[in-house]
$ cat target_32.txt   # compact mmCIF, C-alpha atoms and all ligand atoms
# COMPACT_ATOMS: atom_id res chain seq x y z
CA MET A 1 -8.24 -23.92 36.79
CA PRO A 2 -11.77 -22.37 36.79
CA ASN A 3 -12.75 -20.47 33.69
CA LYS A 4 -12.90 -16.77 34.66
CA VAL A 5 -15.37 -15.94 31.86
CA PRO A 6 -18.99 -16.92 32.46
CA PRO A 7 -20.91 -17.81 29.30
CA THR A 8 -22.38 -14.76 27.56
CA ALA A 9 -23.96 -14.07 24.21
CA SER A 10 -21.82 -10.99 23.52
CA PRO A 11 -18.63 -11.36 21.49
CA LEU A 12 -17.28 -8.31 23.33
CA THR A 13 -16.70 -10.02 26.66
CA ASP A 14 -13.34 -9.52 28.34
CA GLN A 15 -11.21 -12.01 30.26
CA PHE A 16 -12.99 -11.05 33.49
CA GLY A 17 -16.47 -11.64 32.08
CA ARG A 18 -17.31 -7.94 31.67
CA VAL A 19 -19.41 -7.17 28.61
CA VAL A 20 -18.37 -4.11 26.62
CA ASP A 21 -21.44 -2.43 25.16
CA TYR A 22 -20.30 1.21 25.24
CA ILE A 23 -17.65 2.96 23.14
CA ARG A 24 -16.29 6.46 23.39
CA LEU A 25 -14.82 7.76 20.17
CA SER A 26 -12.63 10.84 20.00
CA ILE A 27 -13.05 12.37 16.54
CA THR A 28 -10.38 15.06 16.88
CA ASP A 29 -7.55 16.02 19.22
CA ARG A 30 -8.15 19.69 18.38
CA CYS A 31 -10.15 22.13 20.43
CA ASP A 32 -11.04 25.80 20.53
CA PHE A 33 -10.28 25.83 24.29
CA ARG A 34 -7.08 24.94 26.17
CA CYS A 35 -8.44 23.96 29.59
CA THR A 36 -5.59 24.02 32.08
CA TYR A 37 -6.34 20.51 33.44
CA CYS A 38 -6.62 19.01 29.96
CA MET A 39 -4.04 20.62 27.69
CA ALA A 40 -0.71 22.38 27.81
CA GLU A 41 -0.69 26.03 26.72
CA GLU A 42 1.22 25.16 23.55
CA MET A 43 -0.13 22.03 21.95
CA THR A 44 1.05 20.26 18.82
CA PHE A 45 -1.92 18.66 17.14
CA LEU A 46 -1.80 15.63 14.88
CA PRO A 47 -1.43 16.06 11.13
CA ARG A 48 -4.72 15.44 9.33
CA ASP A 49 -3.71 12.09 7.76
CA GLU A 50 -2.86 10.67 11.21
CA VAL A 51 -6.43 11.22 12.35
CA LEU A 52 -9.26 8.86 11.41
CA SER A 53 -11.32 10.23 8.53
CA LEU A 54 -15.02 10.69 9.27
CA GLU A 55 -15.71 7.72 6.96
CA GLU A 56 -13.27 5.59 9.02
CA CYS A 57 -15.01 6.76 12.21
CA ALA A 58 -18.40 5.75 10.78
CA ARG A 59 -17.05 2.38 9.69
CA LEU A 60 -15.54 1.63 13.09
CA VAL A 61 -18.75 2.54 14.89
CA ARG A 62 -20.72 0.32 12.51
CA ILE A 63 -18.35 -2.59 13.24
CA PHE A 64 -18.62 -2.10 17.01
CA VAL A 65 -22.41 -1.88 16.84
CA GLY A 66 -22.36 -5.12 14.82
CA LEU A 67 -20.44 -6.67 17.72
CA GLY A 68 -23.09 -5.69 20.24
CA VAL A 69 -22.25 -2.13 21.25
CA SER A 70 -25.45 -0.23 21.99
CA LYS A 71 -24.14 3.12 23.23
CA VAL A 72 -21.71 5.45 21.45
CA ARG A 73 -20.32 8.67 22.87
CA ILE A 74 -18.64 11.09 20.47
CA THR A 75 -15.98 13.18 22.17
CA GLY A 76 -12.60 14.78 21.52
CA GLY A 77 -10.89 17.30 21.70
CA GLU A 78 -13.93 19.34 20.85
CA PRO A 79 -15.95 17.16 18.46
CA LEU A 80 -18.01 20.07 17.14
CA VAL A 81 -14.97 21.92 15.79
CA ARG A 82 -14.32 19.06 13.37
CA LYS A 83 -15.41 20.03 9.86
CA ASN A 84 -18.51 18.09 8.70
CA ALA A 85 -18.90 16.40 12.10
CA LEU A 86 -22.65 16.56 11.56
CA TRP A 87 -22.32 14.06 8.69
CA LEU A 88 -20.86 11.52 11.14
CA PHE A 89 -23.65 12.07 13.66
CA GLU A 90 -26.20 11.52 10.89
CA GLU A 91 -24.48 8.29 9.75
CA ILE A 92 -24.27 6.90 13.29
CA GLY A 93 -27.80 8.07 14.09
CA ARG A 94 -29.10 5.82 11.29
CA LEU A 95 -27.52 2.61 12.65
CA GLU A 96 -30.05 -0.01 13.60
CA ASN A 97 -29.40 -1.65 16.98
CA LEU A 98 -27.74 1.46 18.36
CA LYS A 99 -29.77 2.56 21.36
CA GLU A 100 -27.91 5.69 22.37
CA LEU A 101 -25.82 8.21 20.48
CA VAL A 102 -24.51 10.79 22.93
CA LEU A 103 -22.06 13.67 22.82
CA THR A 104 -19.57 15.34 25.14
CA SER A 105 -18.89 18.95 24.19
CA ASN A 106 -17.49 22.15 25.63
CA GLY A 107 -20.69 23.81 24.40
CA SER A 108 -19.00 26.55 22.39
CA GLN A 109 -20.59 25.56 19.07
CA LEU A 110 -23.97 24.41 20.33
CA TYR A 111 -25.66 27.75 19.77
CA LYS A 112 -25.47 26.98 16.04
CA GLN A 113 -25.43 23.15 15.98
CA ALA A 114 -27.86 21.94 18.68
CA ASP A 115 -30.90 21.70 16.38
CA ASN A 116 -29.12 19.66 13.71
CA LEU A 117 -27.56 17.34 16.28
CA LYS A 118 -31.01 16.60 17.68
CA LYS A 119 -32.31 15.88 14.18
CA ALA A 120 -29.32 13.58 13.53
CA GLY A 121 -30.39 11.39 16.44
CA VAL A 122 -28.13 12.54 19.28
CA LYS A 123 -29.99 11.55 22.44
CA ARG A 124 -28.10 13.36 25.17
CA ILE A 125 -25.37 15.97 25.57
CA ASN A 126 -22.83 16.44 28.34
CA ILE A 127 -21.53 20.00 28.44
CA SER A 128 -18.40 21.01 30.31
CA LEU A 129 -18.77 24.02 32.61
CA ASP A 130 -16.14 24.73 35.23
CA SER A 131 -17.03 28.26 36.28
CA LEU A 132 -19.88 30.77 36.14
CA ASP A 133 -17.51 33.71 36.38
CA PRO A 134 -16.62 34.96 32.88
CA LEU A 135 -13.05 35.97 33.79
CA ARG A 136 -12.34 32.76 35.64
CA PHE A 137 -13.93 30.76 32.83
CA LYS A 138 -11.59 32.47 30.37
CA SER A 139 -8.63 31.79 32.61
CA ILE A 140 -9.44 28.05 33.06
CA THR A 141 -10.19 27.49 29.37
CA ARG A 142 -7.41 29.94 28.36
CA SER A 143 -9.74 31.37 25.68
CA GLY A 144 -13.40 30.41 26.18
CA GLU A 145 -16.32 32.84 26.31
CA LEU A 146 -18.71 31.88 29.09
CA GLY A 147 -21.62 33.67 27.36
CA GLN A 148 -21.22 31.53 24.25
CA VAL A 149 -21.37 28.31 26.29
CA LEU A 150 -24.40 29.51 28.26
CA ALA A 151 -26.10 30.33 24.94
CA GLY A 152 -25.19 26.81 23.80
CA ILE A 153 -26.85 25.31 26.87
CA GLN A 154 -30.03 27.29 26.13
CA ALA A 155 -29.90 26.21 22.46
CA ALA A 156 -29.65 22.56 23.51
CA LYS A 157 -32.65 22.96 25.80
CA GLN A 158 -34.63 24.68 23.07
CA ALA A 159 -33.71 21.95 20.58
CA GLY A 160 -35.46 19.53 22.92
CA PHE A 161 -32.53 17.76 24.56
CA LYS A 162 -33.53 16.23 27.88
CA ASN A 163 -31.23 15.18 30.73
CA ILE A 164 -28.50 17.59 29.69
CA LYS A 165 -25.58 17.10 32.05
CA LEU A 166 -22.92 19.57 33.03
CA ASN A 167 -19.41 18.27 33.67
CA SER A 168 -17.28 20.24 36.11
CA VAL A 169 -13.66 19.62 37.03
CA LEU A 170 -13.01 21.34 40.34
CA MET A 171 -9.43 22.33 41.09
CA ARG A 172 -8.22 23.32 44.53
CA GLY A 173 -7.54 27.05 44.73
CA VAL A 174 -8.92 27.61 41.23
CA ASN A 175 -12.67 26.95 41.20
CA ASP A 176 -13.35 24.66 44.14
CA ASP A 177 -15.37 27.49 45.74
CA GLU A 178 -17.96 27.18 42.96
CA ALA A 179 -19.45 23.77 43.75
CA VAL A 180 -22.59 25.24 45.36
CA SER A 181 -23.15 27.91 42.70
CA LEU A 182 -22.69 25.38 39.87
CA VAL A 183 -25.27 23.11 41.51
CA LYS A 184 -27.62 26.08 41.99
CA PHE A 185 -27.28 26.87 38.28
CA ALA A 186 -28.01 23.22 37.43
CA ILE A 187 -31.12 23.23 39.65
CA ASP A 188 -32.37 26.55 38.21
CA GLN A 189 -31.88 25.24 34.67
CA ALA A 190 -33.23 21.72 35.42
CA LEU A 191 -29.91 20.12 34.40
CA ASP A 192 -27.87 17.33 35.93
CA ILE A 193 -24.28 17.95 36.94
CA SER A 194 -21.25 15.74 37.50
CA PHE A 195 -18.09 16.66 39.34
CA ILE A 196 -15.02 14.99 37.84
CA GLU A 197 -11.83 14.61 39.83
CA GLU A 198 -8.80 15.81 37.91
CA MET A 199 -6.91 12.91 36.35
CA PRO A 200 -3.15 12.80 35.73
CA LEU A 201 -3.36 12.55 31.94
CA GLY A 202 -0.66 14.34 29.99
CA GLU A 203 1.90 16.92 31.16
CA VAL A 204 -0.12 20.15 31.49
CA GLY A 205 2.27 22.40 33.38
CA HIS A 206 1.10 21.98 36.99
CA SER A 207 1.38 19.23 39.56
CA ARG A 208 -1.95 17.43 39.67
CA ALA A 209 -1.54 16.84 43.39
CA SER A 210 -1.40 20.62 43.98
CA THR A 211 -4.84 21.23 42.46
CA PHE A 212 -6.51 17.95 43.37
CA CYS A 213 -9.93 18.44 44.90
CA SER A 214 -11.56 15.27 46.13
CA ASN A 215 -15.18 14.53 45.44
CA GLU A 216 -15.46 13.51 49.06
CA SER A 217 -14.85 17.12 50.16
CA THR A 218 -17.16 18.49 47.43
CA LEU A 219 -19.94 16.14 48.57
CA LYS A 220 -19.59 17.39 52.16
CA ILE A 221 -19.90 21.01 51.03
CA LEU A 222 -22.96 20.21 48.91
CA GLN A 223 -24.61 18.17 51.66
CA ALA A 224 -24.41 21.21 53.90
CA ALA A 225 -26.15 23.32 51.23
CA TYR A 226 -28.76 20.93 49.79
CA PRO A 227 -30.79 17.91 50.91
CA LEU A 228 -29.18 15.10 48.87
CA LEU A 229 -30.63 11.62 48.49
CA ALA A 230 -28.25 8.80 47.53
CA SER A 231 -29.23 7.07 44.30
CA THR A 232 -28.42 3.50 43.30
CA GLU A 233 -28.23 4.45 39.62
CA THR A 234 -25.10 3.32 37.80
CA THR A 235 -23.88 3.58 34.23
CA GLY A 236 -21.10 1.03 34.62
CA GLY A 237 -18.61 3.88 35.00
CA PRO A 238 -16.90 5.69 37.86
CA ALA A 239 -19.90 7.88 38.74
CA ARG A 240 -22.01 7.77 41.89
CA TYR A 241 -25.25 9.77 41.88
CA TRP A 242 -27.24 11.82 44.36
CA LYS A 243 -30.63 13.40 43.79
CA VAL A 244 -31.24 16.95 44.97
CA ALA A 245 -34.55 16.75 46.87
CA ASN A 246 -37.45 18.76 45.37
CA SER A 247 -35.62 19.34 42.09
CA GLN A 248 -35.04 17.61 38.78
CA THR A 249 -31.29 17.67 39.31
CA LYS A 250 -29.02 14.69 39.88
CA ILE A 251 -25.45 15.20 41.01
CA GLY A 252 -22.83 12.73 39.87
CA PHE A 253 -19.39 12.30 41.38
CA ILE A 254 -16.87 10.84 38.98
CA SER A 255 -14.04 9.62 41.12
CA PRO A 256 -11.48 7.94 38.90
CA HIS A 257 -9.03 7.61 41.78
CA SER A 258 -11.33 5.11 43.40
CA HIS A 259 -11.06 1.57 42.02
CA ASN A 260 -14.58 0.65 43.06
CA PHE A 261 -16.06 0.94 39.61
CA CYS A 262 -13.53 -1.04 37.54
CA GLU A 263 -15.16 -4.39 38.20
CA HIS A 264 -18.30 -3.19 36.39
CA CYS A 265 -16.50 -1.42 33.53
CA ASN A 266 -18.52 -1.72 30.30
CA ARG A 267 -16.57 0.58 27.98
CA VAL A 268 -13.57 1.02 25.75
CA ARG A 269 -12.19 4.14 24.10
CA ILE A 270 -11.02 4.83 20.59
CA SER A 271 -8.64 7.71 20.11
CA CYS A 272 -8.78 10.04 17.12
CA LYS A 273 -5.79 8.03 15.74
CA GLY A 274 -7.84 4.85 15.79
CA GLU A 275 -6.13 3.41 18.86
CA LEU A 276 -8.40 1.13 20.83
CA TYR A 277 -7.71 1.83 24.51
CA LEU A 278 -9.07 -0.84 26.77
CA CYS A 279 -8.81 1.39 29.86
CA LEU A 280 -8.51 5.18 30.26
CA GLY A 281 -5.86 4.75 32.94
CA THR A 282 -3.43 2.40 31.22
CA ASP A 283 -1.51 2.47 27.96
CA ASP A 284 -2.57 -0.93 26.56
CA LYS A 285 -3.92 -0.34 23.09
CA ILE A 286 -4.59 -1.87 19.71
CA GLU A 287 -3.89 0.11 16.54
CA LEU A 288 -6.96 -0.04 14.34
CA MET A 289 -6.08 2.66 11.80
CA PRO A 290 -3.53 0.55 9.84
CA LEU A 291 -6.07 -2.28 9.63
CA LEU A 292 -8.82 0.06 8.46
CA ARG A 293 -6.50 1.35 5.72
CA GLN A 294 -5.08 -2.07 4.71
CA HIS A 295 -8.54 -3.62 4.51
CA PRO A 296 -10.86 -0.98 3.09
CA HIS A 297 -13.57 -3.46 2.05
CA ASP A 298 -13.27 -6.35 4.48
CA ASP A 299 -13.98 -5.94 8.20
CA GLN A 300 -12.67 -9.33 9.36
CA ALA A 301 -9.15 -8.20 10.35
CA ILE A 302 -10.59 -5.28 12.28
CA ILE A 303 -13.12 -7.48 14.05
CA ALA A 304 -10.34 -9.95 14.95
CA ALA A 305 -8.21 -7.14 16.41
CA ILE A 306 -11.11 -5.80 18.48
CA LEU A 307 -11.84 -9.28 19.83
CA ALA A 308 -8.15 -9.73 20.65
CA GLY A 309 -8.37 -6.46 22.58
CA MET A 310 -10.92 -7.99 24.92
CA ALA A 311 -8.23 -10.36 26.15
CA ILE A 312 -5.96 -7.52 27.28
CA LYS A 313 -8.54 -5.25 28.93
CA PRO A 314 -7.02 -4.78 32.40
CA LEU A 315 -8.93 -5.36 35.61
CA GLY A 316 -8.35 -1.79 36.78
CA HIS A 317 -6.38 1.40 36.24
CA ASP A 318 -3.27 2.72 37.87
CA PHE A 319 -3.61 6.44 38.66
CA ASP A 320 -1.25 7.88 41.26
CA LEU A 321 -1.29 11.64 41.85
CA ASN A 322 2.06 11.69 43.59
CA ARG A 323 4.13 10.41 40.70
CA SER A 324 6.48 13.04 39.32
CA GLN A 325 5.45 11.97 35.80
CA PRO A 326 1.88 11.22 34.77
CA ALA A 327 1.18 7.47 34.60
CA VAL A 328 -0.40 8.05 31.23
CA ILE A 329 1.51 10.36 28.92
CA ARG A 330 -1.32 11.04 26.49
CA PHE A 331 -3.70 13.96 26.99
CA MET A 332 -7.38 13.44 27.68
CA SER A 333 -8.12 15.32 24.44
CA HIS A 334 -6.28 12.60 22.49
CA THR A 335 -8.07 9.63 24.03
CA GLY A 336 -11.40 11.35 24.51
CA GLY A 337 -12.91 12.01 27.91
N1 LIG A 401 -14.15 19.11 24.61
C1 LIG A 401 -15.21 18.38 25.18
C2 LIG A 401 -15.50 18.83 26.60
O1 LIG A 401 -14.68 19.56 27.16
O2 LIG A 401 -16.52 18.42 27.13
C3 LIG A 401 -15.02 16.88 25.13
C4 LIG A 401 -13.66 16.34 25.43
S1 LIG A 401 -13.09 16.60 27.08
C5 LIG A 401 -11.52 15.80 27.02
C6 LIG A 401 -14.16 15.51 27.96
C7 LIG A 401 -14.21 15.71 29.44
O3 LIG A 401 -12.97 15.40 29.99
C8 LIG A 401 -14.56 17.13 29.88
O4 LIG A 401 -15.67 17.11 30.73
C9 LIG A 401 -13.33 17.58 30.63
O5 LIG A 401 -13.68 18.41 31.69
C10 LIG A 401 -12.73 16.28 31.07
N2 LIG A 401 -11.28 16.32 31.29
C11 LIG A 401 -10.31 16.71 30.45
N3 LIG A 401 -9.09 16.54 31.00
C12 LIG A 401 -9.31 16.02 32.23
C13 LIG A 401 -8.45 15.61 33.30
N4 LIG A 401 -7.13 15.69 33.20
N5 LIG A 401 -9.03 15.10 34.40
C14 LIG A 401 -10.38 14.99 34.51
N6 LIG A 401 -11.24 15.35 33.53
C15 LIG A 401 -10.70 15.87 32.42
FE1 LIG A 402 -10.96 21.23 24.95
FE2 LIG A 402 -12.60 19.69 26.34
FE3 LIG A 402 -9.96 19.57 26.78
FE4 LIG A 402 -11.27 21.74 27.51
S1 LIG A 402 -11.57 19.67 28.32
S2 LIG A 402 -9.33 21.68 26.37
S3 LIG A 402 -12.81 21.90 26.00
S4 LIG A 402 -10.98 18.97 24.93

$ encode --input "target_32.txt" --output "structure tokens" --more "lines below"
Ligand code: SAM
Ligand code: SF4
Amino acid sequence: MPNKVPPTASPLTDQFGRVVDYIRLSITDRCDFRCTYCMAEEMTFLPRDEVLSLEECARLVRIFVGLGVSKVRITGGEPLVRKNALWLFEEIGRLENLKELVLTSNGSQLYKQADNLKKAGVKRINISLDSLDPLRFKSITRSGELGQVLAGIQAAKQAGFKNIKLNSVLMRGVNDDEAVSLVKFAIDQALDISFIEEMPLGEVGHSRASTFCSNESTLKILQAAYPLLASTETTGGPARYWKVANSQTKIGFISPHSHNFCEHCNRVRISCKGELYLCLGTDDKIELMPLLRQHPHDDQAIIAAILAGMAIKPLGHDFDLNRSQPAVIRFMSHTGG
């Protein structure tokens, strides 16, 4: 039988020969928003001792970077609502061999934290923005103040962040009429923007099929409004990019329902409970928290578990909008988007 794995220098190579050099770490399941596509209205959050401490987060990132990971995204929940999160950014920012420390945030705290995050070594920020109408924004986030997020975007620009990217989840009948105005805002502000298709993660109180808005239809609407040039850029993830002619803005379409990207997947996720998820769309995981706590001074058992994880990284995910139950029971805020 032919060996499926071609020779590679990286210890983080899965059974299909894909090299994992990118981790996404959720540092909290908590959030100051309750976006309708992400969370239920009433959420029970994890008790503090079931969440990785910031020291455990820093240790895990150091171990992964030692195994060849060069890009780390901190996410959540809302990472910036975690107390002392800045300490973690500073610790990770100091790691040699780490090329990129990046952040995904809802933007609500950036008006006061953008400067310090830049100083800590954060290279880029993705900021979620699903509507430019304050009332609609409040209704989608169930509590968010649009003005505070817009102030956060300005603070990030002033702090010197380049290539800031907006993330927008369009939902049919909710905000799918805002694709053009969100892109106009991105162009006016010299930002990039990605449209993310809603994924069936967690039971949030509505049928995902009823609000699903395909990126294919969004692209058609945007092509009618702007001259778009297809780009060959890829980040190893489910995004395809288009450049808006005569602007600095790139538009990404993150289409998790398409399987096209799985063969190039370069990432794994770590939940705020220290679960190593090999794929966002399946439940295969390795529990790292018990190992971190049983072996506070010796990384070998943790390294062995991470390497074992490479053997169970699946070839692709299994999202199906028409299931009555979500394929994956956990919420996006738990695993980290
Ligand atoms: N709180 C931060 C934020 O909103 O950017 C970071 C965590 S959030 C889980 C990360 C990204 O996941 C956000 O851009 C959000 O829009 C997206 N997201 C959350 N639930 C989703 C779902 N069910 N389908 C698609 N995207 C989702
Ligand atoms: Fe919070 Fe982000 Fe989920 Fe919205 S998408 S509820 S901001 S974690």

$ closest_atom_pairs --input "target_32.txt" --of "segment 74-95 of chain A" --to "segment 257-278 of chain A" --cutoff "10 Å" --atoms "only C-alpha atoms" --output "Markdown table"
| residue | atom | partner | partner_atom | distance |
| --- | --- | --- | --- | --- |
| A:Ile74 | CA | A:Ile270 | CA | 9.9 |
| A:Thr75 | CA | A:Cys272 | CA | 9.3 |
| A:Gly76 | CA | A:Cys272 | CA | 7.5 |
| A:Gly77 | CA | A:Cys272 | CA | 8.8 |

$ write_last_selection --input "target_32.txt" --atoms "C-alpha atoms" --output "JSON list (two decimals), in the frame of the given file"
[["chain", "number", "residue", "atom", "x", "y", "z"],
["A", 74, "ILE", "CA", -18.64, 11.09, 20.47],
["A", 75, "THR", "CA", -15.98, 13.18, 22.17],
["A", 76, "GLY", "CA", -12.60, 14.78, 21.52],
["A", 77, "GLY", "CA", -10.89, 17.30, 21.70]]

$ closest_residue --input "target_32.txt" --among "A:Leu191, A:Leu129, A:Ile63, A:Val19" --to "ligand LIG 401 (chain A)" --atoms "only C-alpha atoms and all ligand atoms"
A:Leu129

$ atom_distance --input "target_32.txt" --atom1 "atom CA of His295 of chain A" --atom2 "atom CA of Glu56 of chain A"
11.3 Å

$ atom_distance --input "target_32.txt" --atom1 "atom CA of Thr13 of chain A" --atom2 "atom CA of Ile254 of chain A"
24.2 Å

$ residues_near_ligand --input "target_32.txt" --ligand "ligand LIG 401 (chain A)" --cutoff "7 Å" --atoms "all atoms listed in the file" --output "list in words"
Cys31, Tyr37, Cys38, Thr75, Gly76, Gly77, Glu78, Pro79, Thr104, Ser105, Asn106, Asn126, Ile127, Ser128, Asn167, Ser168, Val169, Ile196, Glu197, Glu198, Met199, Pro200, Leu201, Met332, Ser333, Gly336 and Gly337 of chain A

$ closest_residue --input "target_32.txt" --among "A:Gly17, A:Glu50, A:Gln223, A:Gln113" --to "Arg293 of chain A" --atoms "only C-alpha atoms"
A:Glu50

$ closest_residue --input "target_32.txt" --among "A:Glu55, A:Glu145, A:Asp133, A:Asp21" --to "ligand LIG 402 (chain A)" --atoms "all atoms listed in the file"
A:Glu145

$ residues_around --input "target_32.txt" --residues "Ile164 of chain A" --least-positions-apart "5" --cutoff "12 Å" --atoms "only C-alpha atoms" --output "PyMOL selection string"
chain A and resi 102-105+107+114+122-128+152-159+186-187+189-194+248-251

$ atom_distance --input "target_32.txt" --atom1 "atom CA of Ile140 of chain A" --atom2 "atom CA of Thr36 of chain A"
5.7 Å

$ closest_residue --input "target_32.txt" --among "A:Leu228, A:Ile312, A:Ile306, A:Ala151" --to "Asp283 of chain A" --atoms "only C-alpha atoms"
A:Ile312

$ closest_residue --input "target_32.txt" --among "A:Lys119, A:Arg142, A:Arg240, A:Arg172" --to "Gly160 of chain A" --atoms "only C-alpha atoms"
A:Lys119

$ closest_residue --input "target_32.txt" --among "A:Glu100, A:Arg82, A:Thr232, A:Leu280" --to "Ala120 of chain A" --atoms "only C-alpha atoms"
A:Glu100

$ axis_aligned_box --input "target_32.txt" --around "segment 284-299 of chain A" --padding-each-side "8 Å" --output "lines of an AutoDock Vina configuration file"
center_x = -8.3
center_y = -1.8
center_z = 14.3
size_x = 27.4
size_y = 25.0
size_z = 40.5
